[in-house]
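S.K.: Provided herewith: data.txt, compact mmCIF, N, CA and C atoms.
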```
# COMPACT_ATOMS: atom_id res chain seq x y z
N MET M 1 117.46 182.64 159.34
CA MET M 1 117.19 181.30 158.84
C MET M 1 115.83 180.84 159.36
N GLN M 2 115.05 180.20 158.50
CA GLN M 2 113.72 179.74 158.86
C GLN M 2 113.80 178.46 159.67
N LYS M 3 113.02 178.38 160.74
CA LYS M 3 112.95 177.18 161.55
C LYS M 3 112.29 176.06 160.75
N ASP M 4 112.75 174.85 160.96
CA ASP M 4 112.20 173.69 160.25
C ASP M 4 110.74 173.48 160.65
N THR M 5 109.85 173.39 159.67
CA THR M 5 108.44 173.16 159.95
C THR M 5 108.02 171.74 159.60
N LYS M 6 108.97 170.89 159.28
CA LYS M 6 108.64 169.50 158.98
C LYS M 6 107.99 168.88 160.21
N GLY M 7 106.86 168.24 160.00
CA GLY M 7 106.15 167.64 161.11
C GLY M 7 105.16 168.58 161.79
N LYS M 8 105.07 169.79 161.32
CA LYS M 8 104.09 170.73 161.87
C LYS M 8 102.80 170.62 161.08
N SER M 9 101.72 170.88 161.78
CA SER M 9 100.41 170.89 161.15
C SER M 9 99.71 172.19 161.50
N VAL M 10 98.79 172.60 160.64
CA VAL M 10 98.01 173.81 160.87
C VAL M 10 96.57 173.38 161.13
N PHE M 11 96.02 173.83 162.25
CA PHE M 11 94.67 173.50 162.69
C PHE M 11 93.84 174.76 162.56
N ILE M 12 92.91 174.77 161.59
CA ILE M 12 92.12 175.97 161.31
C ILE M 12 90.69 175.74 161.77
N LYS M 13 90.19 176.66 162.63
CA LYS M 13 88.87 176.48 163.25
C LYS M 13 87.79 177.39 162.67
N SER M 14 88.15 178.26 161.75
CA SER M 14 87.17 179.18 161.19
C SER M 14 87.53 179.51 159.75
N ASP M 15 86.53 179.91 158.99
CA ASP M 15 86.78 180.32 157.61
C ASP M 15 87.29 181.76 157.55
N LYS M 16 87.49 182.37 158.71
CA LYS M 16 88.00 183.74 158.79
C LYS M 16 89.01 183.84 159.93
N ILE M 17 89.90 184.80 159.84
CA ILE M 17 90.73 185.16 160.98
C ILE M 17 90.11 186.44 161.53
N GLY M 18 89.39 186.30 162.62
CA GLY M 18 88.63 187.43 163.13
C GLY M 18 87.23 187.37 162.57
N GLU M 19 86.71 188.53 162.21
CA GLU M 19 85.31 188.58 161.77
C GLU M 19 85.15 189.33 160.46
N GLY M 20 84.01 189.10 159.83
CA GLY M 20 83.59 189.87 158.67
C GLY M 20 84.48 189.76 157.45
N GLU M 21 84.36 190.77 156.61
CA GLU M 21 85.11 190.79 155.34
C GLU M 21 86.61 190.81 155.58
N LEU M 22 87.05 191.58 156.59
CA LEU M 22 88.48 191.62 156.90
C LEU M 22 88.98 190.23 157.29
N GLY M 23 88.19 189.50 158.06
CA GLY M 23 88.57 188.13 158.44
C GLY M 23 88.75 187.23 157.25
N SER M 24 87.89 187.38 156.24
CA SER M 24 88.02 186.60 155.00
C SER M 24 89.27 186.97 154.23
N ILE M 25 89.58 188.26 154.20
CA ILE M 25 90.79 188.73 153.53
C ILE M 25 92.03 188.18 154.24
N LEU M 26 91.99 188.18 155.58
CA LEU M 26 93.15 187.71 156.35
C LEU M 26 93.41 186.22 156.17
N ILE M 27 92.35 185.38 156.16
CA ILE M 27 92.58 183.94 155.99
C ILE M 27 93.14 183.65 154.60
N LYS M 28 92.64 184.36 153.58
CA LYS M 28 93.17 184.20 152.23
C LYS M 28 94.64 184.62 152.19
N GLY M 29 94.95 185.74 152.83
CA GLY M 29 96.33 186.21 152.87
C GLY M 29 97.25 185.25 153.61
N PHE M 30 96.77 184.70 154.72
CA PHE M 30 97.55 183.74 155.50
C PHE M 30 97.87 182.50 154.67
N LEU M 31 96.84 181.94 154.03
CA LEU M 31 97.06 180.74 153.22
C LEU M 31 97.96 181.04 152.03
N GLY M 32 97.77 182.21 151.41
CA GLY M 32 98.62 182.61 150.29
C GLY M 32 100.07 182.78 150.72
N ALA M 33 100.28 183.35 151.90
CA ALA M 33 101.64 183.54 152.42
C ALA M 33 102.32 182.20 152.69
N MET M 34 101.52 181.20 153.02
CA MET M 34 102.08 179.86 153.25
C MET M 34 102.75 179.34 151.98
N LEU M 35 102.18 179.69 150.82
CA LEU M 35 102.78 179.27 149.55
C LEU M 35 104.18 179.85 149.35
N GLU M 36 104.44 180.96 149.98
CA GLU M 36 105.73 181.64 149.82
C GLU M 36 106.82 181.06 150.72
N GLN M 37 106.45 180.16 151.61
CA GLN M 37 107.42 179.62 152.57
C GLN M 37 108.28 178.55 151.93
N GLU M 38 109.51 178.48 152.37
CA GLU M 38 110.45 177.50 151.87
C GLU M 38 110.06 176.09 152.33
N THR M 39 109.64 175.99 153.58
CA THR M 39 109.24 174.71 154.16
C THR M 39 107.77 174.79 154.55
N LEU M 40 107.02 173.79 154.18
CA LEU M 40 105.58 173.79 154.40
C LEU M 40 105.20 172.81 155.51
N PRO M 41 104.05 173.02 156.13
CA PRO M 41 103.57 172.04 157.10
C PRO M 41 103.18 170.74 156.39
N THR M 42 103.01 169.69 157.17
CA THR M 42 102.62 168.42 156.57
C THR M 42 101.12 168.30 156.39
N LYS M 43 100.34 168.99 157.27
CA LYS M 43 98.89 168.88 157.22
C LYS M 43 98.23 170.22 157.49
N ILE M 44 97.05 170.38 156.90
CA ILE M 44 96.12 171.44 157.28
C ILE M 44 94.82 170.72 157.63
N VAL M 45 94.36 170.92 158.86
CA VAL M 45 93.11 170.30 159.30
C VAL M 45 92.09 171.41 159.53
N CYS M 46 90.96 171.31 158.86
CA CYS M 46 89.89 172.31 158.96
C CYS M 46 88.74 171.73 159.77
N VAL M 47 88.34 172.46 160.81
CA VAL M 47 87.19 172.07 161.62
C VAL M 47 86.24 173.26 161.73
N ASN M 48 85.04 172.97 162.23
CA ASN M 48 84.01 173.98 162.38
C ASN M 48 83.82 174.70 161.04
N SER M 49 83.69 176.03 161.04
CA SER M 49 83.40 176.73 159.78
C SER M 49 84.59 176.77 158.83
N ALA M 50 85.76 176.33 159.26
CA ALA M 50 86.91 176.27 158.34
C ALA M 50 86.66 175.31 157.18
N VAL M 51 85.75 174.35 157.36
CA VAL M 51 85.43 173.44 156.25
C VAL M 51 84.80 174.20 155.08
N LEU M 52 84.29 175.38 155.34
CA LEU M 52 83.72 176.19 154.26
C LEU M 52 84.82 176.65 153.29
N LEU M 53 86.08 176.66 153.74
CA LEU M 53 87.21 177.02 152.86
C LEU M 53 87.46 175.93 151.82
N THR M 54 87.22 174.68 152.18
CA THR M 54 87.50 173.57 151.27
C THR M 54 86.30 173.21 150.41
N THR M 55 85.20 173.92 150.62
CA THR M 55 83.96 173.63 149.88
C THR M 55 83.43 174.87 149.15
N VAL M 56 84.29 175.86 148.98
CA VAL M 56 83.87 177.13 148.36
C VAL M 56 83.52 176.93 146.89
N GLU M 57 82.88 177.93 146.32
CA GLU M 57 82.58 177.93 144.88
C GLU M 57 83.89 177.95 144.10
N GLU M 58 83.85 177.44 142.89
CA GLU M 58 85.05 177.34 142.04
C GLU M 58 85.73 178.69 141.80
N ASN M 59 84.97 179.78 141.81
CA ASN M 59 85.55 181.09 141.52
C ASN M 59 86.11 181.79 142.76
N ASN M 60 86.04 181.16 143.93
CA ASN M 60 86.57 181.76 145.15
C ASN M 60 88.10 181.74 145.11
N PRO M 61 88.75 182.86 145.41
CA PRO M 61 90.21 182.93 145.32
C PRO M 61 90.97 182.06 146.33
N VAL M 62 90.29 181.53 147.34
CA VAL M 62 90.95 180.65 148.31
C VAL M 62 91.19 179.27 147.71
N LEU M 63 90.31 178.82 146.83
CA LEU M 63 90.40 177.47 146.29
C LEU M 63 91.71 177.18 145.56
N PRO M 64 92.17 178.03 144.64
CA PRO M 64 93.44 177.71 143.98
C PRO M 64 94.63 177.70 144.94
N ILE M 65 94.55 178.49 146.00
CA ILE M 65 95.62 178.48 147.00
C ILE M 65 95.66 177.13 147.69
N LEU M 66 94.50 176.65 148.15
CA LEU M 66 94.45 175.35 148.82
C LEU M 66 94.85 174.22 147.88
N LYS M 67 94.43 174.30 146.63
CA LYS M 67 94.80 173.26 145.66
C LYS M 67 96.31 173.24 145.42
N GLU M 68 96.91 174.41 145.37
CA GLU M 68 98.37 174.49 145.20
C GLU M 68 99.09 173.93 146.42
N LEU M 69 98.60 174.23 147.62
CA LEU M 69 99.20 173.67 148.83
C LEU M 69 99.11 172.15 148.82
N GLU M 70 97.97 171.63 148.41
CA GLU M 70 97.80 170.17 148.32
C GLU M 70 98.75 169.59 147.27
N GLN M 71 98.87 170.28 146.15
CA GLN M 71 99.77 169.82 145.09
C GLN M 71 101.22 169.76 145.57
N ARG M 72 101.56 170.64 146.49
CA ARG M 72 102.92 170.67 147.04
C ARG M 72 103.11 169.65 148.16
N GLY M 73 102.13 168.80 148.38
CA GLY M 73 102.31 167.69 149.31
C GLY M 73 101.66 167.83 150.67
N ILE M 74 100.93 168.91 150.90
CA ILE M 74 100.26 169.08 152.19
C ILE M 74 98.96 168.28 152.17
N THR M 75 98.76 167.47 153.20
CA THR M 75 97.51 166.75 153.37
C THR M 75 96.48 167.73 153.92
N ILE M 76 95.35 167.84 153.26
CA ILE M 76 94.28 168.73 153.71
C ILE M 76 93.09 167.87 154.11
N LEU M 77 92.71 168.01 155.39
CA LEU M 77 91.59 167.26 155.92
C LEU M 77 90.51 168.21 156.40
N SER M 78 89.26 167.88 156.09
CA SER M 78 88.11 168.63 156.58
C SER M 78 87.29 167.72 157.47
N CYS M 79 86.98 168.18 158.66
CA CYS M 79 86.21 167.42 159.64
C CYS M 79 84.93 166.88 159.00
N GLY M 80 84.75 165.56 159.02
CA GLY M 80 83.57 164.95 158.42
C GLY M 80 82.28 165.36 159.10
N THR M 81 82.30 165.44 160.42
CA THR M 81 81.11 165.88 161.16
C THR M 81 80.75 167.30 160.79
N CYS M 82 81.75 168.14 160.63
CA CYS M 82 81.52 169.55 160.26
C CYS M 82 80.97 169.65 158.84
N LEU M 83 81.52 168.86 157.93
CA LEU M 83 80.99 168.84 156.56
C LEU M 83 79.51 168.46 156.57
N ASP M 84 79.17 167.45 157.37
CA ASP M 84 77.77 167.02 157.46
C ASP M 84 76.90 168.10 158.10
N TYR M 85 77.41 168.75 159.14
CA TYR M 85 76.64 169.79 159.82
C TYR M 85 76.26 170.91 158.85
N TYR M 86 77.22 171.33 158.03
CA TYR M 86 76.98 172.40 157.06
C TYR M 86 76.38 171.87 155.75
N ASP M 87 76.13 170.56 155.68
CA ASP M 87 75.61 169.92 154.47
C ASP M 87 76.51 170.21 153.27
N LYS M 88 77.82 170.03 153.48
CA LYS M 88 78.81 170.37 152.45
C LYS M 88 79.66 169.18 152.01
N ARG M 89 79.39 167.99 152.50
CA ARG M 89 80.24 166.85 152.16
C ARG M 89 80.37 166.66 150.65
N GLU M 90 79.28 166.84 149.93
CA GLU M 90 79.31 166.66 148.47
C GLU M 90 79.98 167.84 147.76
N ASP M 91 80.23 168.93 148.47
CA ASP M 91 80.84 170.12 147.87
C ASP M 91 82.35 170.19 148.08
N LEU M 92 82.93 169.18 148.72
CA LEU M 92 84.36 169.19 149.01
C LEU M 92 85.15 169.27 147.70
N LYS M 93 85.99 170.28 147.58
CA LYS M 93 86.73 170.52 146.33
C LYS M 93 88.23 170.30 146.46
N VAL M 94 88.72 170.24 147.69
CA VAL M 94 90.14 170.03 147.91
C VAL M 94 90.31 169.24 149.20
N GLY M 95 91.26 168.32 149.20
CA GLY M 95 91.48 167.49 150.37
C GLY M 95 90.48 166.37 150.47
N LYS M 96 90.37 165.84 151.67
CA LYS M 96 89.45 164.74 151.91
C LYS M 96 88.84 164.89 153.29
N PRO M 97 87.73 164.19 153.54
CA PRO M 97 87.13 164.25 154.87
C PRO M 97 88.05 163.60 155.91
N GLY M 98 88.11 164.20 157.05
CA GLY M 98 88.88 163.64 158.16
C GLY M 98 87.93 163.20 159.26
N ASN M 99 88.53 162.71 160.35
CA ASN M 99 87.71 162.28 161.48
C ASN M 99 88.41 162.63 162.79
N ALA M 100 87.70 162.43 163.88
CA ALA M 100 88.21 162.81 165.20
C ALA M 100 89.47 162.03 165.56
N ILE M 101 89.55 160.77 165.16
CA ILE M 101 90.73 159.95 165.49
C ILE M 101 91.99 160.55 164.86
N GLU M 102 91.91 160.92 163.57
CA GLU M 102 93.05 161.55 162.89
C GLU M 102 93.40 162.89 163.53
N THR M 103 92.38 163.66 163.87
CA THR M 103 92.62 164.99 164.44
C THR M 103 93.26 164.88 165.81
N ILE M 104 92.76 164.01 166.66
CA ILE M 104 93.34 163.83 168.00
C ILE M 104 94.78 163.33 167.88
N ALA M 105 95.04 162.40 166.98
CA ALA M 105 96.41 161.91 166.78
C ALA M 105 97.34 163.05 166.38
N MET M 106 96.87 163.91 165.49
CA MET M 106 97.68 165.06 165.08
C MET M 106 97.95 165.98 166.26
N LEU M 107 96.90 166.30 167.01
CA LEU M 107 97.05 167.24 168.13
C LEU M 107 97.99 166.68 169.21
N LEU M 108 97.99 165.39 169.41
CA LEU M 108 98.82 164.79 170.46
C LEU M 108 100.23 164.46 170.01
N ASN M 109 100.45 164.26 168.71
CA ASN M 109 101.73 163.75 168.26
C ASN M 109 102.54 164.69 167.38
N GLU M 110 101.98 165.81 166.99
CA GLU M 110 102.68 166.73 166.10
C GLU M 110 102.73 168.13 166.70
N ASP M 111 103.63 168.92 166.20
CA ASP M 111 103.63 170.34 166.54
C ASP M 111 102.51 170.98 165.75
N VAL M 112 101.63 171.69 166.45
CA VAL M 112 100.43 172.22 165.81
C VAL M 112 100.38 173.73 165.97
N VAL M 113 100.09 174.41 164.87
CA VAL M 113 99.81 175.84 164.87
C VAL M 113 98.30 175.95 164.70
N SER M 114 97.65 176.65 165.61
CA SER M 114 96.20 176.74 165.59
C SER M 114 95.72 178.14 165.26
N LEU M 115 94.72 178.22 164.38
CA LEU M 115 94.09 179.51 164.05
C LEU M 115 92.65 179.47 164.47
```
Take the structure from the file and write it as structure tokens.

M.R.:
Amino acid sequence: MQKDTKGKSVFIKSDKIGEGELGSILIKGFLGAMLEQETLPTKIVCVNSAVLLTTVEENNPVLPILKELEQRGITILSCGTCLDYYDKREDLKVGKPGNAIETIAMLLNEDVVSL
């Protein structure tokens, strides 16, 4: 039986799990596998280079996965400072910009899985 993930959030710090092309394949696989779960987290928070996942080109295979997760009720936040650092705020395609106050509240008050 699957443990209840209600109230859990996923904190993603990179656009890859590990490095290089394999890291890109792994993050896509991880997010895709999340779609297969019976119970989903409440939030996905992207910081640092993970904001590049929410600002990818329309033809990137990660985008429809993130859009489907959002459609299923997951709040997707991308660090506003990180979006500005990468000059990607205008390229945000899924979710909305977040801030440090929301992120700290999540880290202190919710069960968090960090990548």

S.K.: Which residues of region 1-78 of chain M come within 5 Å of region 110-114 of chain M, and what is each one's closest atom pair and distance in Å (one decimal), counting only N, CA and C atoms, sorted by chain and residue number, as a Markdown table?

M.R.:
```
| residue | atom | partner | partner_atom | distance |
| --- | --- | --- | --- | --- |
| M:Gly7 | C | M:Asp111 | N | 4.7 |
| M:Lys8 | CA | M:Asp111 | C | 4.2 |
| M:Ser9 | N | M:Asp111 | C | 4.0 |
| M:Val10 | CA | M:Val113 | C | 4.4 |
| M:Phe11 | N | M:Val113 | C | 4.0 |
```

S.K.: I need the residue nearest Asn48 (chain M) from this list: M:Arg72, M:Lys67, M:Lys13, M:Lys28. Use all atoms listed in the file for the distance.

M.R.: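 The shortest atom-to-atom distance to Asn48 (chain M) comes from M:Lys13.
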
S.K.: May I ask which of the residues M:Thr54, M:Asn60, M:Ser78, M:Gln71 is the closest one to Asp91 (chain M), counting all atoms listed in the file?

M.R.: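 Between M:Thr54, M:Asn60, M:Ser78, M:Gln71, the residue approaching Asp91 (chain M) most closely is M:Thr54.
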
S.K.: Per residue of region 45-107 of chain M within 8 Å of region 38-41 of chain M, note the shortest atom pair and the distance in Å to one decimal, counting all atoms listed in the file, and order the rows by chain and increasing residue number, as JSON lines.

M.R.:
```
{"residue": "M:Arg72", "atom": "C", "partner": "M:Leu40", "partner_atom": "CA", "distance": 7.9}
{"residue": "M:Gly73", "atom": "C", "partner": "M:Pro41", "partner_atom": "C", "distance": 6.6}
{"residue": "M:Ile74", "atom": "CA", "partner": "M:Pro41", "partner_atom": "C", "distance": 5.4}
{"residue": "M:Thr75", "atom": "N", "partner": "M:Pro41", "partner_atom": "C", "distance": 6.4}
```

S.K.: Using only N, CA and C atoms, can you tell me which of M:Thr55, M:Pro64, M:Leu22, M:Glu70 comes closest to Glu90 (chain M)?

M.R.: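 Nearest candidate to Glu90 (chain M) out of M:Thr55, M:Pro64, M:Leu22, M:Glu70: M:Thr55.
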
S.K.: Please list as an NGL selection string every residue within 6.5 Å of Leu53 (chain M), counting all atoms listed in the file and excluding residues in the same chain fewer than 6 positions away.

M.R.: :M and (15 or 62-63)

S.K.: Keeping N, CA and C atoms for every residue in the selection just given, could you write it to a file as a compact mmCIF listing (two decimals), in the frame of the given file?

M.R.:
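See result_8.txt below for the written result:
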```txt
# COMPACT_ATOMS: atom_id res chain seq x y z
N ASP M 15 86.53 179.91 158.99
CA ASP M 15 86.78 180.32 157.61
C ASP M 15 87.29 181.76 157.55
N VAL M 62 90.29 181.53 147.34
CA VAL M 62 90.95 180.65 148.31
C VAL M 62 91.19 179.27 147.71
N LEU M 63 90.31 178.82 146.83
CA LEU M 63 90.40 177.47 146.29
C LEU M 63 91.71 177.18 145.56
```

S.K.: Expressed in Å to a single decimal, how great is the separation between CA of Thr81 (chain M) and CA of Glu19 (chain M)?

M.R.: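 So the answer is 23.1 Å.
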
S.K.: Which one of M:Val94, M:Glu58, M:Ile76, M:Leu108 sits closest to Lys43 (chain M) if you count only N, CA and C atoms?

M.R.: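 For Lys43 (chain M), the nearest of the candidates is M:Ile76.
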
S.K.: Run DSSP on the backbone and give me the residues of region 30-67 of chain M it puts in strand (DSSP E or B), as a PDB file with N, CA and C atoms, keeping the file's coordinate frame.

M.R.:
```pdb
ATOM      1  N   LYS M  43     100.340 168.990 157.270  1.00  0.00           N
ATOM      2  CA  LYS M  43      98.890 168.880 157.220  1.00  0.00           C
ATOM      3  C   LYS M  43      98.230 170.220 157.490  1.00  0.00           C
ATOM      4  N   ILE M  44      97.050 170.380 156.900  1.00  0.00           N
ATOM      5  CA  ILE M  44      96.120 171.440 157.280  1.00  0.00           C
ATOM      6  C   ILE M  44      94.820 170.720 157.630  1.00  0.00           C
ATOM      7  N   VAL M  45      94.360 170.920 158.860  1.00  0.00           N
ATOM      8  CA  VAL M  45      93.110 170.300 159.300  1.00  0.00           C
ATOM      9  C   VAL M  45      92.090 171.410 159.530  1.00  0.00           C
ATOM     10  N   CYS M  46      90.960 171.310 158.860  1.00  0.00           N
ATOM     11  CA  CYS M  46      89.890 172.310 158.960  1.00  0.00           C
ATOM     12  C   CYS M  46      88.740 171.730 159.770  1.00  0.00           C
TER      13      CYS M  46
END
```

S.K.: Please identify the alpha helix (DSSP H) residues within chain M (assignment by DSSP from backbone atoms) and present them as JSON, numbers by chain.

M.R.: {"M": [20, 21, 22, 23, 24, 25, 26, 27, 28, 29, 30, 31, 32, 33, 34, 35, 62, 63, 64, 65, 66, 67, 68, 69, 70, 71, 80, 81, 82, 83, 84, 85, 100, 101, 102, 103, 104, 105, 106, 107, 108, 109]}

S.K.: How many Å lie between atom C of Ala50 (chain M) and atom N of Asp84 (chain M), rounded to one decimal?

M.R.: 10.9 Å

S.K.: Taking every listed atom of region 97-107 of chain M and adding 8 Å to each side, what centre and edge lengths in Å (one decimal) does the axis-aligned box have, as JSON?

M.R.:
```
{"center_x": 92.6, "center_y": 163.6, "center_z": 161.4, "size_x": 26.9, "size_y": 23.3, "size_z": 31.7}
```

S.K.: One number please: atom C of Thr103 (chain M) to atom C of Glu21 (chain M), in Å, one decimal.

M.R.: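 Distance reported for this atom pair: 28.7 Å.
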
S.K.: Find the spatial neighbours of Ala100 (chain M), counting only C-alpha atoms, within a cut-off of 9 Å - ignore same-chain residues fewer than 2 positions away - and output them as a list in words.

M.R.: Cys79, Gly80, Thr81, Gly98, Glu102, Thr103, Ile104 and Ala105 of chain M

S.K.: Kindly indicate which residue among M:Asn99, M:Ile65, M:Leu77, M:Leu107 lies nearest to Leu31 (chain M), using all atoms listed in the file for the distances.

M.R.: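 Closest residue, counting all atoms listed in the file: M:Ile65.
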
S.K.: Excluding Ile17 (chain M) and any residue of its chain fewer than 6 positions from it, enumerate the residues within 8 Å of it, using only C-alpha atoms, and give them as a PDB file with N, CA and C atoms, keeping the file's coordinate frame.

M.R.:
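Below is the file that was written, around-v4.pdb:
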```
ATOM      1  N   GLY M  23      88.190 189.500 158.060  1.00  0.00           N
ATOM      2  CA  GLY M  23      88.570 188.130 158.440  1.00  0.00           C
ATOM      3  C   GLY M  23      88.750 187.230 157.250  1.00  0.00           C
ATOM      4  N   SER M  24      87.890 187.380 156.240  1.00  0.00           N
ATOM      5  CA  SER M  24      88.020 186.600 155.000  1.00  0.00           C
ATOM      6  C   SER M  24      89.270 186.970 154.230  1.00  0.00           C
ATOM      7  N   LEU M  26      91.990 188.180 155.580  1.00  0.00           N
ATOM      8  CA  LEU M  26      93.150 187.710 156.350  1.00  0.00           C
ATOM      9  C   LEU M  26      93.410 186.220 156.170  1.00  0.00           C
ATOM     10  N   ILE M  27      92.350 185.380 156.160  1.00  0.00           N
ATOM     11  CA  ILE M  27      92.580 183.940 155.990  1.00  0.00           C
ATOM     12  C   ILE M  27      93.140 183.650 154.600  1.00  0.00           C
ATOM     13  N   LEU M 115      94.720 178.220 164.380  1.00  0.00           N
ATOM     14  CA  LEU M 115      94.090 179.510 164.050  1.00  0.00           C
ATOM     15  C   LEU M 115      92.650 179.470 164.470  1.00  0.00           C
TER      16      LEU M 115
END
```
